[in-house]
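The next block holds one structure in the form of structure tokens; read it before the comments.
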Amino acid sequence: MNLAENPFAKDISGRAAPHAVSPRGNDPRLYSAAWERAGHRVSQGLRPEPRDLIESPARPLRSLAFLMSVLGLGTVLGIGSAALIVERERPFATTSIGPWSASPTAGTAEADPYSVAIYTRSARVPLALGEGLALTAYTDSVGQSLSPACTYRITGSTPTARMWTLSAATAKGEMVETLAGRTFLTSLGLLRADDGTFTVTASRAPSSGNWLPLARQPQALEGLSFTFRLYDAPVTTGASLEGAVMPRIEKVACR
Amino acid sequence: MSILLPTRLRLGLGALAVLALSVVVHVLVILAIPRQATHSSYSEAATFGPDRQFNLLPPLRAGAEPLPGLDPAMKHATCRYQLDNGPVLFTASVPVPFWSIGLFDDTGEVIYSLNNRTAGSDILSMLLITPEQLSILRENPPEDLDKLIVIETRASRGFALLRALSPAAARDLEVDLALKTAYCGSFS
């Protein structure tokens, strides 16, 4: 076979004898210019660096290390991101009203894989649609994360329900010790204004009116969440939650 | 590899490979968790007492919650069942303003749920049955079958969670008793 007619001959010769590419001086520009003179088309972005032009002996250990670090990093990132989401124990909300979010499909066949993983791992029993709907807030109405060291005022009204309970817990939904020994309020013994709206004060220290006790010893790391559980509520599907109104959460003071 | 690819391209491809691999691993981990979970709500329900009877859950306290995410305002009772031993009948009469019951399979998925308004009466009577058992039952139906809420399911294992709101502390004992005496067992 005639080498001159082989269109790849130039490539082959260029690679086989890289030292022919004039390694005069150490200026990288000289290298790549010589590379181009030798007939190679080199785009600006992929212009080879000098060390790539000099044929180096095969380095199996280096290739292996590269491959292993890709595998290791990919596995660690994949498992880490999954663990972060599952350990946070906060199912992706499908509907939200202001700071209040609900996942009505949790625990049903239509649930997303994340909430299935979260619910089965934490052995959590969802509130089924025939029972009621749980709405949880992790932030106040301004969007700031709730803190157990602060006092909050929850004002307004809820969507229609036969009855509801409001409870305070950590951001993961765990119960905390309070001065009153309870961590909830129910709609049964609630003080309401003439127009049917209510004001709940969530604080560590006892408060007049509707008092929702918060943790006696607040741990900032544990966070705070409020959960409304509306029992026997017509708003049990995501669609009918649109236009529904939930109470506002305002921060009063922190200490 | 180290000869044929420029360093920058090699690093870029490496980063891309890491990203693709981490996405695959992430999805696999999320999908595998429900199968690998060693303590599901179904297995936790066994710790409260024998199967096929309602067991009252201990009161919810900070640091000692029987099951996570339950409403602290409510009182709860669970009954774990296996349908292989025949259909399961649930009956309860809880004198409170609100109670509800949810039936879950062993993966924690809801089979059926109702509350004291949708139940139509203050007394709960519900029969959980597999389609095969129902066709056998229909050949020789008992008289009170039409008074029961009959629920067909293919999941042979699961548990029921009965929730009741105690309207006042003074009535806690009465509610506890009603939950404890709720029936969950064989249908004859």
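For the structure tokens, the naming scheme is as follows: chains receive sequential letters (A, B, ...) according to their order of presentation, residues are indexed from 1 within each chain, and ligands are indexed from 1 in presentation order.
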
Using only C-alpha atoms, determine which residues of chain B fall within 7 Å of chain A; present them as a PyMOL selection string. chain B and resi 3+6+14+17-19+21-23+25-26+29-31+33-34+37+39-41+61-63+67-69+72-73+100+102+107-110+113-115

Near-Leu83 (chain B) list (12 Å; only C-alpha atoms; drop same-chain fewer than 3 positions) as a PyMOL selection string: chain B and resi 51-52+80+86-89+105-106+127-134+152-159+184-187

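Proximity to Gln144 (chain A) at 10 Å, evaluated using only C-alpha atoms and with sequence-adjacent residues fewer than 5 positions away removed, yields Pro99, Tyr138, Thr139, Glu250 and Lys251 of chain A.
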
Residue neighbourhood His76 (chain B), 8 Å, only C-alpha atoms, exclusion window fewer than 4 positions, as a ChimeraX atom specification: /B:56-57,161-164,179

Shortest contact to Lys75 (chain B), candidates B:Ala20, B:Trp99, B:Ser93, B:Gln53, atoms counted only C-alpha atoms, goes to B:Trp99

Backbone DSSP call of helix (DSSP H, G or I) for region 65-170 of chain B, listed as an MDAnalysis selection string: chainID B and resid 83:85 131:139 143:147 169:170

Give me the residues near Gly223 (chain A) as a ChimeraX atom specification, where near means some atom within 6 Å (using only C-alpha atoms) and where sequence neighbours in that chain fewer than 6 positions away do not count. /A:147,170-171

Quick one: everything within 8 Å of Leu191 (chain A), counting only C-alpha atoms, minus sequence neighbours fewer than 2 positions away in the same chain. Send it as a PyMOL selection string. chain A and resi 189+193+198+209-210

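Picture a line from CA of Thr118 (chain B) to CA of Pro91 (chain A); it runs 27.8 Å.
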
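Among the candidate residues B:Lys147, B:Tyr42, B:Pro50, B:Asn55, the one lying nearest to Lys180 (chain B) is B:Asn55, with distances computed using only C-alpha atoms.
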
As a VMD selection string, please: every residue in region 4-155 of chain B that DSSP puts in strand (DSSP E). chain B and resid 55 to 56 74 to 82 88 to 93 99 to 105 110 to 115 123 to 129 149 to 152
